[in-house]
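my_file.cif, holding mmCIF, C-alpha atoms:
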data_final
loop_
_atom_site.label_atom_id
_atom_site.label_comp_id
_atom_site.auth_asym_id
_atom_site.auth_seq_id
_atom_site.Cartn_x
_atom_site.Cartn_y
_atom_site.Cartn_z
CA MET A 1 14.44 42.44 0.05
CA ILE A 2 16.93 40.62 -2.13
CA ARG A 3 16.08 37.50 -0.17
CA LYS A 4 12.42 37.68 -1.13
CA VAL A 5 13.33 38.22 -4.78
CA VAL A 6 15.60 35.16 -4.78
CA ILE A 7 12.91 33.06 -3.11
CA GLY A 8 10.28 34.33 -5.53
CA LEU A 9 12.55 33.48 -8.47
CA MET A 10 13.11 29.98 -7.11
CA VAL A 11 9.40 29.38 -6.63
CA ALA A 12 8.72 30.73 -10.11
CA LEU A 13 11.27 28.32 -11.63
CA LEU A 14 9.63 25.45 -9.77
CA GLY A 15 6.30 26.74 -11.04
CA VAL A 16 7.55 26.52 -14.64
CA ALA A 17 8.59 22.92 -14.04
CA PHE A 18 5.15 22.15 -12.58
CA TRP A 19 3.47 23.96 -15.48
CA THR A 20 5.14 21.72 -18.05
CA LEU A 21 4.02 18.71 -16.00
CA THR A 22 0.42 19.92 -15.86
CA SER A 23 0.01 21.09 -19.45
CA GLY A 24 1.31 17.85 -20.92
CA TYR A 25 -0.71 15.64 -18.60
CA VAL A 26 -3.11 13.15 -20.12
CA PRO A 27 -5.08 10.89 -17.75
CA ASP A 28 -4.58 7.18 -18.31
CA ALA A 29 -7.30 5.48 -20.29
CA GLU A 30 -6.60 2.06 -18.82
CA LEU A 31 -5.70 0.90 -15.33
CA ASN A 32 -2.03 0.03 -15.01
CA ARG A 33 -1.15 -3.60 -14.36
CA THR A 34 -0.93 -3.37 -10.58
CA ALA A 35 -4.28 -1.63 -10.25
CA ALA A 36 -5.92 -4.01 -12.73
CA TYR A 37 -4.65 -6.95 -10.69
CA TYR A 38 -6.07 -5.45 -7.51
CA ALA A 39 -9.41 -4.79 -9.20
CA ALA A 40 -9.69 -8.29 -10.64
CA ASN A 41 -8.66 -10.16 -7.50
CA ALA A 42 -10.34 -8.13 -4.78
CA GLU A 43 -13.14 -10.67 -4.39
CA SER A 44 -11.21 -13.91 -4.72
CA GLU A 45 -8.07 -12.98 -2.78
CA VAL A 46 -9.09 -10.66 0.06
CA GLY A 47 -12.89 -10.61 -0.19
CA ALA A 48 -13.15 -6.87 0.55
CA PRO A 49 -15.44 -4.73 -1.64
CA ASN A 50 -13.49 -1.61 -0.66
CA ILE A 51 -10.30 -2.12 -2.65
CA VAL A 52 -8.45 0.72 -0.87
CA THR A 53 -8.91 -0.99 2.49
CA GLY A 54 -7.88 -4.29 0.90
CA ILE A 55 -4.63 -2.71 -0.31
CA ILE A 56 -3.88 -0.98 2.98
CA VAL A 57 -4.66 -3.90 5.26
CA THR A 58 -3.61 -6.91 3.22
CA TRP A 59 -1.66 -6.42 0.01
CA ARG A 60 0.43 -3.58 1.40
CA GLY A 61 -0.05 -4.51 5.06
CA LEU A 62 3.65 -4.37 5.83
CA ASP A 63 3.74 -0.68 4.82
CA THR A 64 0.87 -0.01 7.19
CA LEU A 65 2.77 -1.70 10.00
CA GLY A 66 5.73 0.54 9.21
CA GLU A 67 3.50 3.58 9.20
CA VAL A 68 2.00 2.71 12.56
CA THR A 69 5.57 2.35 13.84
CA VAL A 70 6.37 5.86 12.56
CA LEU A 71 3.31 7.17 14.41
CA PHE A 72 4.44 5.42 17.57
CA LEU A 73 7.91 6.97 17.27
CA THR A 74 6.34 10.40 16.71
CA SER A 75 4.20 10.20 19.80
CA ALA A 76 7.14 8.90 21.86
CA ILE A 77 9.40 11.74 20.66
CA ILE A 78 6.71 14.33 21.39
CA ALA A 79 6.27 12.97 24.90
CA LEU A 80 10.05 13.10 25.37
CA VAL A 81 10.44 16.63 23.99
CA LEU A 82 7.56 18.00 26.03
CA SER A 83 8.37 16.16 29.25
CA GLN A 84 11.58 18.17 29.57
CA SER A 85 9.69 21.41 29.37
CA LYS A 86 7.07 20.75 32.01
CA THR A 87 6.96 23.36 34.71
CA PRO A 88 7.19 21.89 38.20
CA LYS A 89 4.06 20.32 39.62
CA GLY A 90 1.94 22.04 42.20
CA ALA A 91 0.25 24.65 40.05
CA SER A 92 -1.64 21.93 38.19
CA GLY A 93 -5.03 23.03 36.96
CA ALA A 94 -4.64 26.47 38.43
CA GLY A 95 -5.50 29.46 36.31
CA LEU A 96 -8.03 27.57 34.24
CA LEU A 97 -11.61 28.69 34.21
CA PRO A 98 -14.02 25.88 35.12
CA SER A 99 -16.06 24.84 32.12
CA GLY A 100 -19.78 25.39 32.24
CA GLU A 101 -22.38 22.81 33.15
CA LEU A 102 -23.76 22.78 29.62
CA LEU A 103 -20.38 22.08 28.03
CA VAL A 104 -19.50 19.30 30.46
CA THR A 105 -22.86 17.57 30.15
CA GLY A 106 -22.91 17.92 26.39
CA ALA A 107 -19.42 16.54 26.07
CA ARG A 108 -20.24 13.60 28.34
CA MET A 109 -23.28 12.84 26.20
CA LEU A 110 -21.46 13.21 22.88
CA ALA A 111 -18.23 11.35 23.69
CA PRO A 112 -19.83 7.85 23.74
CA LEU A 113 -21.67 8.65 20.50
CA ILE A 114 -18.42 9.70 18.85
CA ALA A 115 -16.78 6.50 20.08
CA LEU A 116 -19.71 4.51 18.66
CA PHE A 117 -19.36 6.24 15.31
CA GLY A 118 -15.63 5.52 15.32
CA ALA A 119 -16.33 1.84 15.99
CA TYR A 120 -18.88 1.82 13.16
CA VAL A 121 -16.39 3.34 10.71
CA ILE A 122 -13.72 0.83 11.75
CA MET A 123 -16.02 -2.19 11.52
CA ASN A 124 -17.36 -1.27 8.06
CA GLY A 125 -13.95 -0.39 6.69
CA HIS A 126 -13.91 -3.28 4.23
CA LEU A 127 -17.43 -2.57 2.90
CA THR A 128 -17.74 1.22 2.70
CA PRO A 129 -15.29 4.13 2.84
CA GLY A 130 -13.55 4.05 6.18
CA GLY A 131 -11.26 1.78 8.09
CA GLY A 132 -8.68 1.78 10.83
CA PHE A 133 -7.13 5.19 10.20
CA GLN A 134 -10.35 7.14 9.86
CA GLY A 135 -12.01 5.38 12.79
CA GLY A 136 -8.93 5.85 14.93
CA ALA A 137 -8.92 9.57 14.18
CA ILE A 138 -12.61 9.76 15.10
CA LEU A 139 -11.92 7.99 18.41
CA ALA A 140 -9.12 10.45 19.10
CA SER A 141 -11.46 13.36 18.39
CA GLY A 142 -13.77 11.98 21.10
CA VAL A 143 -10.83 12.12 23.50
CA LEU A 144 -10.11 15.65 22.25
CA LEU A 145 -13.67 16.71 23.06
CA SER A 146 -13.39 15.45 26.63
CA LEU A 147 -10.02 17.16 26.99
CA LEU A 148 -11.47 20.47 25.83
CA ALA A 149 -14.62 20.23 27.93
CA GLU A 150 -12.88 19.27 31.16
CA PRO A 151 -9.34 20.66 31.07
CA SER A 152 -8.54 19.71 34.64
CA ARG A 153 -9.49 16.07 34.22
CA ARG A 154 -6.62 13.63 33.90
CA PHE A 155 -6.81 10.67 31.58
CA GLY A 156 -4.98 7.55 32.54
CA HIS A 157 -1.69 7.47 30.68
CA THR A 158 -1.39 3.83 31.62
CA VAL A 159 -4.72 2.95 29.95
CA ILE A 160 -3.68 4.58 26.68
CA ALA A 161 -0.23 2.96 26.86
CA ARG A 162 -1.83 -0.45 27.54
CA ILE A 163 -4.20 -0.15 24.56
CA GLU A 164 -1.29 0.97 22.41
CA SER A 165 1.02 -1.90 23.30
CA PHE A 166 -1.80 -4.47 23.27
CA SER A 167 -2.95 -3.55 19.76
CA GLY A 168 0.60 -3.25 18.45
CA THR A 169 1.56 -6.68 19.77
CA PHE A 170 -1.58 -8.32 18.43
CA TYR A 171 -1.10 -6.67 15.05
CA VAL A 172 2.33 -8.27 14.69
CA LEU A 173 1.00 -11.60 16.05
CA VAL A 174 -1.80 -11.63 13.45
CA GLY A 175 0.81 -10.95 10.80
CA LEU A 176 2.97 -13.83 12.02
CA ALA A 177 -0.08 -16.11 12.12
CA GLY A 178 -0.58 -15.23 8.46
CA MET A 179 2.95 -16.48 7.77
CA ALA A 180 2.31 -19.72 9.62
CA TYR A 181 -1.21 -20.59 8.43
CA ALA A 182 -1.72 -18.67 5.19
CA GLY A 183 0.20 -17.16 2.28
CA GLY A 184 2.49 -14.72 4.06
CA PHE A 185 2.94 -11.91 6.55
CA LEU A 186 -0.41 -10.22 7.31
CA ASP A 187 -2.29 -12.50 4.90
CA ASN A 188 -5.96 -12.30 5.83
CA GLY A 189 -6.60 -15.94 4.88
CA ILE A 190 -6.15 -17.13 8.47
CA LEU A 191 -9.91 -16.71 8.91
CA PRO A 192 -12.51 -17.89 6.36
CA LEU A 193 -13.32 -15.30 3.68
CA GLY A 194 -17.06 -15.62 4.25
CA ARG A 195 -19.74 -14.26 1.95
CA PHE A 196 -18.57 -11.31 -0.18
CA GLY A 197 -20.02 -8.01 1.01
CA THR A 198 -21.21 -8.98 4.49
CA MET A 199 -20.00 -7.58 7.77
CA LEU A 200 -18.14 -10.65 9.00
CA SER A 201 -16.28 -11.44 5.82
CA ALA A 202 -12.93 -10.77 4.21
CA GLY A 203 -11.01 -13.02 6.60
CA ALA A 204 -8.91 -11.15 9.12
CA ILE A 205 -9.50 -7.67 7.66
CA PRO A 206 -12.07 -6.55 10.29
CA LEU A 207 -9.77 -7.83 13.05
CA ILE A 208 -6.73 -6.03 11.64
CA SER A 209 -8.86 -2.90 11.11
CA ILE A 210 -9.88 -2.93 14.77
CA LEU A 211 -6.25 -3.28 15.85
CA ILE A 212 -5.10 -0.47 13.52
CA GLY A 213 -7.98 1.72 14.71
CA LEU A 214 -7.15 1.18 18.39
CA LYS A 215 -3.47 1.76 17.72
CA VAL A 216 -3.97 4.96 15.71
CA GLY A 217 -6.55 6.26 18.18
CA ALA A 218 -4.23 5.60 21.11
CA GLU A 219 -1.26 7.28 19.38
CA PHE A 220 -3.25 10.40 18.51
CA SER A 221 -4.77 10.49 21.99
CA SER A 222 -1.35 10.29 23.58
CA ILE A 223 -0.05 13.08 21.31
CA LEU A 224 -3.03 15.26 22.33
CA GLU A 225 -2.50 14.27 25.97
CA SER A 226 1.16 15.27 25.89
CA LEU A 227 0.41 18.63 24.32
CA HIS A 228 -2.48 19.22 26.71
CA GLU A 229 -0.61 18.32 29.88
CA THR A 230 2.04 20.94 29.30
CA GLU A 231 -0.84 23.37 28.95
CA ASP A 232 -1.67 23.50 32.63
CA ALA A 233 1.33 21.92 34.25
CA MET B 1 -10.98 17.62 -13.95
CA ALA B 2 -7.64 15.94 -13.43
CA GLN B 3 -5.86 18.99 -14.87
CA ILE B 4 -7.74 21.35 -12.55
CA ALA B 5 -6.84 19.20 -9.55
CA LEU B 6 -3.20 18.92 -10.63
CA ALA B 7 -2.90 22.68 -11.15
CA THR B 8 -4.55 23.39 -7.78
CA GLY B 9 -2.24 20.98 -6.01
CA PHE B 10 0.83 22.50 -7.63
CA VAL B 11 -0.30 26.03 -6.77
CA LEU B 12 -0.81 24.96 -3.15
CA ILE B 13 2.66 23.40 -3.05
CA LEU B 14 4.24 26.58 -4.46
CA ALA B 15 2.28 28.83 -2.10
CA GLY B 16 3.24 26.67 0.87
CA LEU B 17 6.92 26.65 -0.09
CA TYR B 18 6.94 30.42 -0.61
CA GLY B 19 5.26 30.96 2.77
CA ALA B 20 7.62 28.61 4.56
CA LEU B 21 10.66 30.37 3.10
CA THR B 22 9.56 33.98 3.60
CA ASN B 23 7.85 33.91 7.01
CA ARG B 24 9.89 34.76 10.09
CA ASP B 25 7.42 33.32 12.60
CA ILE B 26 7.97 29.61 13.26
CA LEU B 27 4.24 28.87 13.70
CA ARG B 28 3.47 30.56 10.38
CA MET B 29 6.14 28.44 8.71
CA ILE B 30 4.45 25.31 10.06
CA VAL B 31 1.07 26.52 8.76
CA ALA B 32 2.66 27.00 5.32
CA PHE B 33 4.09 23.48 5.50
CA THR B 34 0.66 21.98 6.18
CA ILE B 35 -0.69 23.82 3.12
CA ALA B 36 2.09 22.36 0.97
CA ASP B 37 1.30 18.94 2.46
CA THR B 38 -2.35 19.24 1.41
CA GLY B 39 -1.17 20.26 -2.06
CA VAL B 40 0.96 17.13 -2.42
CA ASN B 41 -2.02 14.98 -1.44
CA VAL B 42 -4.26 16.68 -4.00
CA VAL B 43 -1.64 16.09 -6.73
CA LEU B 44 -1.32 12.41 -5.86
CA VAL B 45 -5.07 11.81 -5.89
CA ALA B 46 -5.37 13.73 -9.17
CA VAL B 47 -2.80 11.46 -10.80
CA GLY B 48 -4.96 8.44 -9.97
CA TYR B 49 -8.16 10.02 -11.28
CA MET B 50 -9.62 8.87 -14.58
CA PRO B 51 -12.57 10.70 -16.15
CA GLY B 52 -15.86 8.85 -16.24
CA ARG B 53 -14.99 6.22 -13.65
CA THR B 54 -16.17 5.69 -10.06
CA ALA B 55 -14.57 5.07 -6.68
CA PRO B 56 -12.76 1.75 -6.16
CA ILE B 57 -15.54 0.10 -4.17
CA LEU B 58 -17.21 -3.00 -5.58
CA ASP B 59 -20.98 -3.23 -5.19
CA ALA B 60 -24.09 -3.91 -7.23
CA ALA B 61 -23.28 -1.04 -9.60
CA VAL B 62 -19.67 -2.16 -10.10
CA PRO B 63 -19.53 -5.98 -10.34
CA VAL B 64 -16.14 -7.67 -10.19
CA ALA B 65 -16.21 -8.80 -13.81
CA VAL B 66 -16.15 -5.25 -15.21
CA ALA B 67 -14.36 -3.63 -12.28
CA SER B 68 -11.15 -2.90 -14.15
CA GLN B 69 -13.11 -0.89 -16.73
CA ARG B 70 -15.22 1.02 -14.18
CA ILE B 71 -13.05 2.04 -11.23
CA ILE B 72 -10.20 4.51 -10.86
CA ASP B 73 -6.71 3.59 -9.71
CA PRO B 74 -6.87 2.65 -6.00
CA VAL B 75 -3.10 2.65 -5.37
CA PRO B 76 -2.57 6.46 -5.15
CA GLN B 77 -5.53 6.66 -2.77
CA ALA B 78 -3.97 4.13 -0.44
CA LEU B 79 -0.70 6.10 -0.59
CA VAL B 80 -2.41 9.40 0.19
CA LEU B 81 -4.30 7.82 3.09
CA THR B 82 -1.02 6.93 4.79
CA ALA B 83 0.52 10.28 3.79
CA ILE B 84 -2.26 12.21 5.57
CA VAL B 85 -1.79 10.27 8.80
CA ILE B 86 1.99 10.70 8.70
CA GLY B 87 1.43 14.38 7.87
CA LEU B 88 -0.36 14.90 11.16
CA GLY B 89 2.53 13.17 12.96
CA ILE B 90 5.03 15.50 11.28
CA THR B 91 2.96 18.57 12.12
CA ALA B 92 2.67 17.50 15.76
CA LEU B 93 6.42 16.96 15.90
CA MET B 94 7.14 20.38 14.39
CA LEU B 95 4.75 22.02 16.87
CA ALA B 96 6.40 20.25 19.82
CA TYR B 97 9.82 21.48 18.69
CA ALA B 98 8.43 24.98 18.12
CA TYR B 99 7.18 24.97 21.69
CA ARG B 100 10.59 23.85 22.95
CA LEU B 101 12.27 26.64 20.99
CA PHE B 102 9.82 29.12 22.47
CA ARG B 103 10.68 27.92 25.97
CA LEU B 104 14.36 28.43 25.14
CA ARG B 105 14.22 32.04 23.85
CA HIS B 106 10.72 33.25 24.68
CA SER B 107 10.33 34.18 21.07
CA LEU B 108 9.06 32.51 17.91
CA ASP B 109 11.02 34.67 15.50
CA ILE B 110 13.40 32.55 13.48
CA SER B 111 15.99 35.34 13.35
CA ASN B 112 16.58 34.90 17.09
CA PHE B 113 17.96 31.42 16.51
CA THR B 114 21.37 31.98 14.98
CA GLU B 115 23.50 29.12 16.35
CA LEU B 116 23.51 27.17 13.11
CA LYS B 117 23.59 30.18 10.82
CA TRP B 118 26.41 30.39 8.32
CA MET C 1 -23.45 16.27 -15.52
CA SER C 2 -19.87 16.55 -16.64
CA THR C 3 -20.06 20.32 -17.00
CA LEU C 4 -21.65 20.58 -13.57
CA MET C 5 -18.87 18.53 -12.00
CA LEU C 6 -16.27 20.57 -13.85
CA GLY C 7 -17.79 23.79 -12.54
CA LEU C 8 -17.93 22.39 -9.01
CA GLY C 9 -14.29 21.35 -9.23
CA LEU C 10 -13.33 24.80 -10.48
CA VAL C 11 -15.19 26.54 -7.64
CA ILE C 12 -13.59 24.30 -5.01
CA ALA C 13 -10.15 24.78 -6.56
CA LEU C 14 -10.55 28.57 -6.48
CA ALA C 15 -11.77 28.43 -2.87
CA MET C 16 -8.74 26.35 -1.88
CA VAL C 17 -6.28 28.72 -3.53
CA GLY C 18 -8.09 31.70 -2.00
CA ALA C 19 -7.97 30.20 1.50
CA ALA C 20 -4.28 29.37 1.03
CA VAL C 21 -3.54 32.99 0.02
CA VAL C 22 -5.45 34.23 3.07
CA ALA C 23 -3.43 31.86 5.27
CA LEU C 24 -0.18 33.25 3.90
CA VAL C 25 -0.85 36.99 3.82
CA THR C 26 -2.93 37.53 6.97
CA ARG C 27 -1.28 39.22 9.95
CA SER C 28 -2.95 37.15 12.67
CA THR C 29 -1.70 33.63 13.28
CA VAL C 30 -5.14 32.48 14.43
CA THR C 31 -6.63 33.45 11.07
CA ALA C 32 -3.78 31.69 9.30
CA VAL C 33 -4.40 28.43 11.19
CA LEU C 34 -8.14 28.60 10.52
CA ALA C 35 -7.54 29.32 6.83
CA ALA C 36 -5.18 26.34 6.60
CA GLY C 37 -7.92 24.20 8.13
CA LEU C 38 -10.29 25.58 5.51
CA VAL C 39 -7.87 24.56 2.75
CA SER C 40 -7.95 21.01 4.17
CA LEU C 41 -11.75 21.04 4.38
CA PHE C 42 -12.11 22.14 0.74
CA ALA C 43 -9.51 19.52 -0.20
CA SER C 44 -11.68 16.84 1.37
CA VAL C 45 -14.68 17.99 -0.68
CA PHE C 46 -12.42 17.94 -3.74
CA PHE C 47 -11.44 14.34 -2.97
CA VAL C 48 -15.11 13.35 -3.06
CA VAL C 49 -15.41 14.97 -6.50
CA LEU C 50 -12.28 13.06 -7.54
CA ALA C 51 -13.98 9.76 -6.54
CA ALA C 52 -11.79 9.15 -3.49
CA PRO C 53 -14.20 8.89 -0.53
CA ASP C 54 -11.69 7.09 1.70
CA VAL C 55 -9.17 9.90 1.34
CA ALA C 56 -11.91 12.48 1.84
CA MET C 57 -12.88 10.98 5.20
CA THR C 58 -9.30 10.87 6.38
CA GLU C 59 -8.60 14.42 5.27
CA ALA C 60 -11.74 15.75 6.97
CA ALA C 61 -11.06 13.98 10.26
CA ILE C 62 -7.30 14.38 10.44
CA GLY C 63 -6.23 17.20 8.13
CA SER C 64 -8.85 19.74 9.03
CA GLY C 65 -9.95 18.53 12.48
CA LEU C 66 -7.07 17.27 14.56
CA THR C 67 -4.34 19.39 12.93
CA THR C 68 -6.19 22.65 13.65
CA PHE C 69 -6.68 21.66 17.27
CA LEU C 70 -3.02 20.72 17.66
CA PHE C 71 -2.14 24.25 16.51
CA PHE C 72 -4.55 25.76 19.00
CA PHE C 73 -3.18 23.66 21.87
CA VAL C 74 0.33 24.88 21.19
CA MET C 75 -0.75 28.48 20.55
CA GLY C 76 -2.72 28.58 23.79
CA ARG C 77 0.27 27.29 25.68
CA ILE C 78 2.61 29.80 24.07
CA ARG C 79 0.27 32.70 24.78
CA ARG C 80 -0.01 31.63 28.42
CA GLU C 81 3.76 31.47 28.76
CA GLY C 82 4.24 34.80 27.04
CA GLU C 83 2.04 36.54 29.59
CA LYS C 84 4.22 35.50 32.50
#

Kindly return the structure encoded in the file as structure tokens.
Amino acid sequence: MIRKVVIGLMVALLGVAFWTLTSGYVPDAELNRTAAYYAANAESEVGAPNIVTGIIVTWRGLDTLGEVTVLFLTSAIIALVLSQSKTPKGASGAGLLPSGELLVTGARMLAPLIALFGAYVIMNGHLTPGGGFQGGAILASGVLLSLLAEPSRRFGHTVIARIESFSGTFYVLVGLAGMAYAGGFLDNGILPLGRFGTMLSAGAIPLISILIGLKVGAEFSSILESLHETEDA
Amino acid sequence: MAQIALATGFVLILAGLYGALTNRDILRMIVAFTIADTGVNVVLVAVGYMPGRTAPILDAAVPVAVASQRIIDPVPQALVLTAIVIGLGITALMLAYAYRLFRLRHSLDISNFTELKW
Amino acid sequence: MSTLMLGLGLVIALAMVGAAVVALVTRSTVTAVLAAGLVSLFASVFFVVLAAPDVAMTEAAIGSGLTTFLFFFVMGRIRREGEK
């Protein structure tokens, strides 16, 4: 019991600290200098109406590359941790109830639609809310649906690994091309900016969004795969 | 609005921390961590919010010339976007380790794992 | 308008805190995972109110969708092992 009291006391102290932060908080009336710069130069520098996507893909593109690397490491570590705990092969798929006709057919019908929606979100990332991360997660949820509907079906690990390495390599190559032909690493000026607010505009942003989306989708799919495969190994 | 969001985020962080420290079940600790994670994201977005302004997307209603007077701060949003994605990675990692620990002891109770206790 | 938004924000905030409390005090782990997913879902609605649609999309897809299913994958596996 004394443990709970100590923990409660600690949390309460932290709560007091948070309370002083909250009660004295006044929202800014003006944008700070960084944000004002981003707002003023979104059209002329990156040509993306969605400033958040512009920041993620171009201005802070290096951070996104680092983040995708963290995701890659996570999925690799999960595969490593779980591969040691696989029960020996032979009982694969046994003990699982077959899914019903309705579920299988419905999932087969829905999965392409989900993939289409993911592609739509990725492609319009620079115009409307959305982009590589959201679209990638939607693609992965399509994979999740097929995994749930047909538990005994195996997805090609090699396909996912290929997509993953392909998009990762091209992401870095696009970044290097930015260094060679435009202002710096991951600069989107390697392609013409186009007309502001149209689908094929904003230079390389749609291209980089596609690569990020494929990469994120492949990482999440491989995490789900790894967790699923131990399920019926 | 910003104060409400800040307070909610802080309450979620506190609740998550309390749950993570008091629960004995590893899975429940991970659940508490995800709640604290959501709380951190809410706090960050709340810091970027400014009353009376709209989302940082330029269109006919928000032309570029007046954008810096009309939109809210886009930088915290970009940060939170990456934080959410990394949060899922962390949760997946914790779950994988929890599963490994379960394989080791056939139990999820943290008091069965005493090797590093001092 | 402003009062309406304020009320909406207050309701969502209360729902989030309520779901978080449920997630922490309930006895069943399944309920706890679902309640945590509910916290994420309310958070994504809150992000829309806070004028952050990008974050809202990500939170809805990742925070409340994929995370919940990851938990259920692992829980299903653990339950299967425990029966042996």

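The space between CA of Gly131 (chain A) and CA of Ala60 (chain B) spans 20.8 Å.
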
Nearest to Leu14 (chain B), chosen from C:Val21, C:Ala52, C:Ala60, C:Val33, with all atoms listed in the file counted in the distances: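 When distances to Leu14 (chain B) are compared using all atoms listed in the file, the smallest one comes from C:Val21.
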
Near Ala19 (chain C), counting all atoms listed in the file, which residues have an atom at most 7 Å away, once you skip same-chain residues fewer than 4 positions from it, shown as an mmCIF file with C-alpha atoms, in the frame of the given file?
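To be explicit, this is the file written out as around-v4.cif:
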data_model
loop_
_atom_site.group_PDB
_atom_site.id
_atom_site.type_symbol
_atom_site.label_atom_id
_atom_site.label_comp_id
_atom_site.auth_asym_id
_atom_site.auth_seq_id
_atom_site.Cartn_x
_atom_site.Cartn_y
_atom_site.Cartn_z
ATOM 1 C CA ALA C 15 -11.770 28.430 -2.870
ATOM 2 C CA ALA C 23 -3.430 31.860 5.270
ATOM 3 C CA ALA C 35 -7.540 29.320 6.830
ATOM 4 C CA ALA C 36 -5.180 26.340 6.600
ATOM 5 C CA LEU C 38 -10.290 25.580 5.510
ATOM 6 C CA VAL C 39 -7.870 24.560 2.750
#

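Interatomic distance, CA of Gly48 (chain B) to CA of Leu62 (chain A): 22.1 Å.
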
Option closest in space to chain A, from B:Arg24, B:Lys117, B:Arg53, B:Arg100 [counting only C-alpha atoms] |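 Among B:Arg24, B:Lys117, B:Arg53, B:Arg100, it is B:Arg100 that comes nearest to chain A.
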
Matched chain/residue IDs from the PyMOL selection byres ((chain B) within 7 of (chain A)), as a ChimeraX atom specification
/B:3,6-7,10,14,18,22,50,56-59,64,67-68,73-75,77-78,86,89,93,96,100

If you keep C-alpha atoms, can you produce a file of those selected residues as a CSV table (one decimal), in the coordinates of the input?
chain,number,residue,atom,x,y,z
B,3,GLN,CA,-5.9,19.0,-14.9
B,6,LEU,CA,-3.2,18.9,-10.6
B,7,ALA,CA,-2.9,22.7,-11.2
B,10,PHE,CA,0.8,22.5,-7.6
B,14,LEU,CA,4.2,26.6,-4.5
B,18,TYR,CA,6.9,30.4,-0.6
B,22,THR,CA,9.6,34.0,3.6
B,50,MET,CA,-9.6,8.9,-14.6
B,56,PRO,CA,-12.8,1.8,-6.2
B,57,ILE,CA,-15.5,0.1,-4.2
B,58,LEU,CA,-17.2,-3.0,-5.6
B,59,ASP,CA,-21.0,-3.2,-5.2
B,64,VAL,CA,-16.1,-7.7,-10.2
B,67,ALA,CA,-14.4,-3.6,-12.3
B,68,SER,CA,-11.2,-2.9,-14.2
B,73,ASP,CA,-6.7,3.6,-9.7
B,74,PRO,CA,-6.9,2.6,-6.0
B,75,VAL,CA,-3.1,2.6,-5.4
B,77,GLN,CA,-5.5,6.7,-2.8
B,78,ALA,CA,-4.0,4.1,-0.4
B,86,ILE,CA,2.0,10.7,8.7
B,89,GLY,CA,2.5,13.2,13.0
B,93,LEU,CA,6.4,17.0,15.9
B,96,ALA,CA,6.4,20.2,19.8
B,100,ARG,CA,10.6,23.8,23.0

Identify every residue of chain C that has at least one atom within 12 Å of any atom of chain A, counting only C-alpha atoms, and report the result as an mmCIF file with C-alpha atoms, keeping the file's coordinate frame.
data_model
loop_
_atom_site.group_PDB
_atom_site.id
_atom_site.type_symbol
_atom_site.label_atom_id
_atom_site.label_comp_id
_atom_site.auth_asym_id
_atom_site.auth_seq_id
_atom_site.Cartn_x
_atom_site.Cartn_y
_atom_site.Cartn_z
ATOM 1 C CA VAL C 48 -15.110 13.350 -3.060
ATOM 2 C CA ALA C 51 -13.980 9.760 -6.540
ATOM 3 C CA ALA C 52 -11.790 9.150 -3.490
ATOM 4 C CA PRO C 53 -14.200 8.890 -0.530
ATOM 5 C CA ASP C 54 -11.690 7.090 1.700
ATOM 6 C CA VAL C 55 -9.170 9.900 1.340
ATOM 7 C CA ALA C 56 -11.910 12.480 1.840
ATOM 8 C CA MET C 57 -12.880 10.980 5.200
ATOM 9 C CA THR C 58 -9.300 10.870 6.380
ATOM 10 C CA GLU C 59 -8.600 14.420 5.270
ATOM 11 C CA ALA C 60 -11.740 15.750 6.970
ATOM 12 C CA ALA C 61 -11.060 13.980 10.260
ATOM 13 C CA ILE C 62 -7.300 14.380 10.440
ATOM 14 C CA GLY C 63 -6.230 17.200 8.130
ATOM 15 C CA SER C 64 -8.850 19.740 9.030
ATOM 16 C CA GLY C 65 -9.950 18.530 12.480
ATOM 17 C CA LEU C 66 -7.070 17.270 14.560
ATOM 18 C CA THR C 67 -4.340 19.390 12.930
ATOM 19 C CA THR C 68 -6.190 22.650 13.650
ATOM 20 C CA PHE C 69 -6.680 21.660 17.270
ATOM 21 C CA LEU C 70 -3.020 20.720 17.660
ATOM 22 C CA PHE C 71 -2.140 24.250 16.510
ATOM 23 C CA PHE C 72 -4.550 25.760 19.000
ATOM 24 C CA PHE C 73 -3.180 23.660 21.870
ATOM 25 C CA VAL C 74 0.330 24.880 21.190
ATOM 26 C CA MET C 75 -0.750 28.480 20.550
ATOM 27 C CA GLY C 76 -2.720 28.580 23.790
ATOM 28 C CA ARG C 77 0.270 27.290 25.680
ATOM 29 C CA ILE C 78 2.610 29.800 24.070
ATOM 30 C CA ARG C 79 0.270 32.700 24.780
ATOM 31 C CA ARG C 80 -0.010 31.630 28.420
ATOM 32 C CA GLU C 81 3.760 31.470 28.760
#

If you count all atoms listed in the file, the residue of C:Ala13, C:Leu34, C:Val22, C:Leu8 closest to chain B turns out to be C:Ala13

One residue among B:Ala65, B:Phe33, B:Ile110, B:Leu81 is nearest to chain C when using all atoms listed in the file, and that residue is B:Leu81

Discussion item. Between CA of Trp59 (chain A) and CA of Asp187 (chain A), what distance in Å does the model show, to one decimal?
Written reply: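 Separating CA of Trp59 (chain A) from CA of Asp187 (chain A) is a distance of 7.8 Å.
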
Take the point (-8.2, 20.6, -11.3) in the file's coordinates, draw a sphere of radius 10 Å around it, and report as a PyMOL selection string every protein, DNA or RNA residue with an atom inside or on it, counting all atoms listed in the file.
(chain A and resi 22) or (chain B and resi 1-10+42-43+46) or (chain C and resi 6+9-14+46+50)

Close residues, Gly189 (chain A) itself excluded, 7 Å, all atoms listed in the file, min 6 positions apart in chain, as JSON, numbers by chain
{"A": [182, 203, 204]}

Expected file: the selected residues, C-alpha atoms, as a PDB file, keeping the file's coordinate frame:
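To be explicit, this is the file written out as again_22.pdb:
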ATOM      1  CA  ALA A 182      -1.720 -18.670   5.190  1.00  0.00           C
ATOM      2  CA  GLY A 203     -11.010 -13.020   6.600  1.00  0.00           C
ATOM      3  CA  ALA A 204      -8.910 -11.150   9.120  1.00  0.00           C
TER       4      ALA A 204
END
